[in-house]
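Only one structure is covered here, and it is reproduced in the block below.
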Amino acid sequence: MINATLKALSQQLAAKAISSEELTGQYLDRIEALNPEFNAFITLDREKSLAEAKNADAARARGEAGLLTGVPLAHKDIFCQQGWKTSCGSRMLDNFISPYDAHVVEQCRLAGLVTLGRTNMDEFAMGSSTENSWYGPTKNPWDPAAIPGGSSGGSAAAVAARMAPAATATDTGGSIRQPASHCGVTGLKPSYGVVSRYGMVAFASSLDQGGVMAQTAEDCAMMLNVMAGFDRRDSTSIERAREDYTGQLASPLAGLKIGLPREYFADGLSADVARVIEAAVAELKKLGATVVDISLPNTELSIPAYYVIAPAEASSNLSRYDGVRYGHRAAEYHDLNDMYEKTRAEGFGTEVKRRIMVGTYVLSHGYYDAYYLKAQKVRRLIANDFVAAFKQCDVILGPVAPTAAFNIGEKCNDPVEMYLSDIYTLSVNLAGLPGMSVPAGFAANGRPIGLQIIGNYFAEAKMLNVAHQFQLATDWHSRAPAL
């Protein structure tokens, strides 16, 4: 049962082969056994989880069950959840119990999904390795010496280790796709505005987007059916007709045009990753797809543009953490300014402080035009590159990261090297496009490698179709670490 997909679990619950309470108990037992080693979860509450499972079983008994009623999942600790600690991996919010549900959590609750716990993450989603958490780093289930990716590393590790069949996650610059790739699971980042950001603690508001990780593309499609939809509480939520994201999964790929950006296969890409991506493209060609050579000429500018825009927005969003209203407050201080300074010095970690400092600088008088405004202009150029590319192809394929997962501690003292690991994912967020990572193979050292699929605006169903057909032809997604 632990290795079953969401679809299989839904069928087992509907057939009454197992109850939600029994299933949830199995996952909680596995978390209890494995989490001390991998640190994928920050918060667990067995009593609450089993109470939710009992309610789901009661709903099924009354004939009121939906497709996913009683299926367990984990939530990234960035989504507010009523009655649960919502820490964002930070000391600043270590004592914060959310009084309300985020839209994503609310939709999952209404669908009858059962919360297993809250997953570890880089503090305020700032990082590429889940080493920036106040609660310590998460380890990769395929190799405990390796990072799981970030910032949604806890969610990726939980799904990879079969501590949860699915987990919510967020992606600001690759934080769903990169950890999904490093942990050998399927991760989906929708188009900006498809999933409401209400109750999702803000890092960079114009880039943040909620999504999901699971074993398969079909599972991700089922979850997106739950999570997507207009929410008037989020001013950036897109009002459009509801869509069944499972509807196109079975469509054949004959005639599909795949764009391969030459910039994604230049210097810096490891031989392991190149080999895996080439094999994946060959598999898709067998399924009827054709390959088109395309160019995304401003790809190399995505890193400097992102690391101006994201810190600028972060410096503004994180100004609310001052010790006055909620969260951490310094124990001793002389006056209001001293309280602000000590609270923020104690409450924030090194990477968060670094980004606040950079963001405040680029927004300051005399530098706004030179940095922030220029970065926004570059952002438009990057988006235009994709508009031109999608006139030639249906989807874009490439690597998720230049290498497989690196070792814990390997890049902690070199933030620039850490930032470079997001070279293939950042531009998707800057353009507001959907993207996903699909397990596609392994490096020579046995660490997983994902295939990135990028779709046009609101083309999640097409992207999921490509991923699903690839997974029907391969078994990379079904492989799990021996734990």
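Ordered as shown in the structure tokens, chains take letters A, B, and onward, while each chain numbers its residues from 1 and ligands are numbered from 1 in the order shown.
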Would you write out, as a tab-separated table, a table of all residues in region 130-210 of chain A that have an atom no more than 8 Å from an atom of region 20-29 of chain A, listing for each the closest atom pair and the distance in Å to one decimal, considering only C-alpha atoms and ordering rows by chain and rising residue number?
residue	atom	partner	partner_atom	distance
A:Arg162	CA	A:Tyr27	CA	7.9
A:Met163	CA	A:Tyr27	CA	5.7
A:Ala164	CA	A:Tyr27	CA	6.5
Contacts of region 333-349 of chain A within 6 Å, only C-alpha atoms, excl. fewer than 3 positions in-chain, as a ChimeraX atom specification: /A:91-92,322,329-330,352
Please produce a file of those selected residues containing C-alpha atoms, as a JSON list (two decimals), in the first residue's frame.
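What landed in part.json:
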[["chain", "number", "residue", "atom", "x", "y", "z"],
["A", 91, "ARG", "CA", 12.68, 30.54, 13.97],
["A", 92, "MET", "CA", 10.67, 33.69, 13.30],
["A", 322, "ASP", "CA", 8.99, 42.76, 13.44],
["A", 329, "ARG", "CA", 10.14, 38.58, 19.67],
["A", 330, "ALA", "CA", 13.50, 39.20, 21.34],
["A", 352, "VAL", "CA", 17.09, 35.30, 4.47]]
Which of region 133-225 of chain A fall in alpha helix (DSSP H), as a PyMOL selection string: chain A and resi 153-160+177-183+217-225
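Proximity ranking of A:Ser98, A:Asp414, A:Ala40, A:Gln376 relative to Pro304 (chain A) places A:Gln376 first, based on only C-alpha atoms.
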Give one line per residue of region 401-471 of chain A that approaches region 192-200 of chain A to at most 8 Å, naming the two atoms of the closest pair and their distance in Å to one decimal, counting only C-alpha atoms; sort by chain then ascending residue number and deliver it as JSON lines.
{"residue": "A:Asn429", "atom": "CA", "partner": "A:Tyr192", "partner_atom": "CA", "distance": 7.8}
{"residue": "A:Gly432", "atom": "CA", "partner": "A:Tyr192", "partner_atom": "CA", "distance": 4.9}
{"residue": "A:Leu433", "atom": "CA", "partner": "A:Tyr192", "partner_atom": "CA", "distance": 6.6}
{"residue": "A:Pro434", "atom": "CA", "partner": "A:Tyr192", "partner_atom": "CA", "distance": 7.4}
{"residue": "A:Phe458", "atom": "CA", "partner": "A:Val194", "partner_atom": "CA", "distance": 7.8}
Spatial neighbours of Ala274 (chain A), 9 Å, only C-alpha atoms, chain gap at least 5 places, as JSON, numbers by chain: {"A": [265, 269, 279, 398, 399, 402]}
Export, as a short mmCIF file (atom, residue, chain, number, x, y, z; two decimals), in the first residue's frame, the selected residues with N, CA and C atoms.
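selection-v9.cif was written with the following content:
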data_model
loop_
_atom_site.label_atom_id
_atom_site.label_comp_id
_atom_site.auth_asym_id
_atom_site.auth_seq_id
_atom_site.Cartn_x
_atom_site.Cartn_y
_atom_site.Cartn_z
N PHE A 265 21.73 23.16 -23.41
CA PHE A 265 22.66 22.04 -23.63
C PHE A 265 24.07 22.55 -23.91
N LEU A 269 26.40 21.86 -18.31
CA LEU A 269 25.53 20.70 -18.14
C LEU A 269 26.38 19.45 -17.98
N ALA A 279 18.20 10.49 -23.74
CA ALA A 279 17.47 9.22 -23.76
C ALA A 279 15.97 9.46 -23.64
N GLY A 398 14.00 19.89 -21.48
CA GLY A 398 15.38 20.14 -21.12
C GLY A 398 15.69 19.62 -19.73
N PRO A 399 16.86 19.91 -19.23
CA PRO A 399 17.23 19.50 -17.87
C PRO A 399 16.52 20.37 -16.83
N PRO A 402 21.70 21.49 -13.61
CA PRO A 402 22.92 21.11 -14.34
C PRO A 402 23.52 19.77 -13.92
#
Spatial neighbours of region 468-479 of chain A, max dist 7 Å, only C-alpha atoms, sep filter under 2 positions, as a ChimeraX atom specification: /A:184-185,215-218,249,284,439-441,464-466,481
Filtered DSSP result for region 162-336 of chain A, state strand (DSSP E), as a list of chain:residue names: A:Ala166, A:Ala167, A:Thr168, A:Ala169, A:Thr170, A:Thr186, A:Gly187, A:Leu188, A:Lys189, A:Gly210, A:Gly211, A:Val212, A:Met213, A:Ala214, A:Lys257, A:Ile258, A:Gly259, A:Leu260, A:Pro261, A:Thr290, A:Val291, A:Val292, A:Asp293, A:Ile294
Keeping N, CA and C atoms, export the residues of the selection given above as a compact mmCIF listing (two decimals), in the first residue's frame.
# COMPACT_ATOMS: atom_id res chain seq x y z
N ALA A 166 1.60 11.97 -1.71
CA ALA A 166 1.64 13.25 -2.41
C ALA A 166 1.91 14.34 -1.38
N ALA A 167 2.38 15.49 -1.86
CA ALA A 167 2.65 16.61 -0.96
C ALA A 167 2.48 17.91 -1.72
N THR A 168 1.91 18.91 -1.05
CA THR A 168 1.86 20.24 -1.64
C THR A 168 3.25 20.86 -1.58
N ALA A 169 3.48 21.84 -2.44
CA ALA A 169 4.80 22.47 -2.53
C ALA A 169 4.63 23.83 -3.18
N THR A 170 5.69 24.62 -3.20
CA THR A 170 5.65 25.92 -3.88
C THR A 170 6.90 26.08 -4.73
N THR A 186 7.62 13.10 -9.32
CA THR A 186 7.02 14.00 -10.29
C THR A 186 6.56 15.27 -9.60
N GLY A 187 6.96 16.42 -10.14
CA GLY A 187 6.59 17.70 -9.53
C GLY A 187 5.98 18.63 -10.56
N LEU A 188 4.91 19.30 -10.19
CA LEU A 188 4.17 20.17 -11.11
C LEU A 188 4.06 21.59 -10.57
N LYS A 189 4.54 22.57 -11.35
CA LYS A 189 4.34 23.98 -11.08
C LYS A 189 3.37 24.53 -12.14
N GLY A 210 1.88 27.90 -6.02
CA GLY A 210 1.68 26.61 -5.38
C GLY A 210 1.56 25.50 -6.39
N GLY A 211 1.94 24.31 -5.98
CA GLY A 211 1.86 23.14 -6.86
C GLY A 211 1.89 21.87 -6.04
N VAL A 212 2.33 20.78 -6.67
CA VAL A 212 2.22 19.48 -6.01
C VAL A 212 3.33 18.55 -6.46
N MET A 213 3.65 17.59 -5.59
CA MET A 213 4.55 16.49 -5.92
C MET A 213 3.85 15.18 -5.63
N ALA A 214 4.08 14.20 -6.50
CA ALA A 214 3.50 12.87 -6.33
C ALA A 214 4.35 11.88 -7.12
N LYS A 257 5.26 18.53 -31.26
CA LYS A 257 6.53 19.19 -31.56
C LYS A 257 7.22 19.58 -30.25
N ILE A 258 8.41 19.01 -30.05
CA ILE A 258 9.20 19.26 -28.85
C ILE A 258 10.30 20.27 -29.18
N GLY A 259 10.36 21.35 -28.42
CA GLY A 259 11.42 22.33 -28.59
C GLY A 259 12.59 22.03 -27.67
N LEU A 260 13.79 21.99 -28.22
CA LEU A 260 15.00 21.79 -27.42
C LEU A 260 15.83 23.08 -27.49
N PRO A 261 15.88 23.85 -26.40
CA PRO A 261 16.62 25.11 -26.43
C PRO A 261 18.13 24.85 -26.43
N THR A 290 8.17 14.91 -32.63
CA THR A 290 9.28 15.39 -33.45
C THR A 290 10.00 16.50 -32.69
N VAL A 291 11.28 16.70 -33.02
CA VAL A 291 12.12 17.65 -32.28
C VAL A 291 12.38 18.88 -33.14
N VAL A 292 12.28 20.04 -32.49
CA VAL A 292 12.56 21.32 -33.16
C VAL A 292 13.66 22.03 -32.38
N ASP A 293 14.66 22.50 -33.07
CA ASP A 293 15.74 23.26 -32.44
C ASP A 293 15.24 24.69 -32.21
N ILE A 294 15.28 25.16 -30.96
CA ILE A 294 14.82 26.51 -30.64
C ILE A 294 15.90 27.24 -29.85
Near-Ala389 (chain A) list (8 Å; only C-alpha atoms; drop same-chain fewer than 2 positions) as JSON, numbers by chain: {"A": [259, 294, 295, 296, 385, 386, 387, 391, 392, 393]}
Shell of 9 Å around region 54-62 of chain A, only C-alpha atoms, local chain residues under 6 positions omitted, as a list in words: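 Answer for this query is Leu13, Ala14, Ser19, Ser20, Glu21, Thr69, Gly70, Val71, Gly112, Leu113 and Val114 of chain A.
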Residue nearest Gly173 (chain A) - candidates A:Gly359, A:Gly455, A:Gly127, A:Pro190, atoms counted: only C-alpha atoms: A:Gly127
Contact residues around region 360-363 of chain A with only C-alpha atoms at 8 Å, ignoring same-chain residues under 5 positions, as a PyMOL selection string: chain A and resi 308+311-312+315-316+368+371-372
For the residues in that selection, give me C-alpha atoms as a tab-separated table (two decimals), in the first residue's frame.
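For reference, again_20.tsv as written:
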chain	number	residue	atom	x	y	z
A	308	VAL	CA	17.22	41.33	-8.15
A	311	PRO	CA	15.04	39.72	-3.03
A	312	ALA	CA	13.34	43.07	-3.70
A	315	SER	CA	12.52	42.59	1.54
A	316	SER	CA	9.05	44.10	1.29
A	368	TYR	CA	15.84	51.41	-8.21
A	371	TYR	CA	18.76	47.49	-10.85
A	372	TYR	CA	15.09	46.75	-10.15
Which of A:Phe390, A:Trp142, A:Tyr306, A:Tyr264 sits closest to Gly174 (chain A) [using only C-alpha atoms]: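 Counting only C-alpha atoms, the residue closest to Gly174 (chain A) is A:Tyr306.
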Nearest-residue call for Asn445 (chain A), choices A:Val324, A:Ala405, A:Ala74, A:Ile277, using only C-alpha atoms: A:Ala405
Pick from A:Leu116, A:Ala271, A:Val226, A:Ala161 nearest to Lys48 (chain A), counting only C-alpha atoms: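 Looking only at the distances to Lys48 (chain A), the closest residue turns out to be A:Leu116.
Pairwise distance (CA of Ala461 (chain A), CA of Cys220 (chain A)) equals 10.6 Å.
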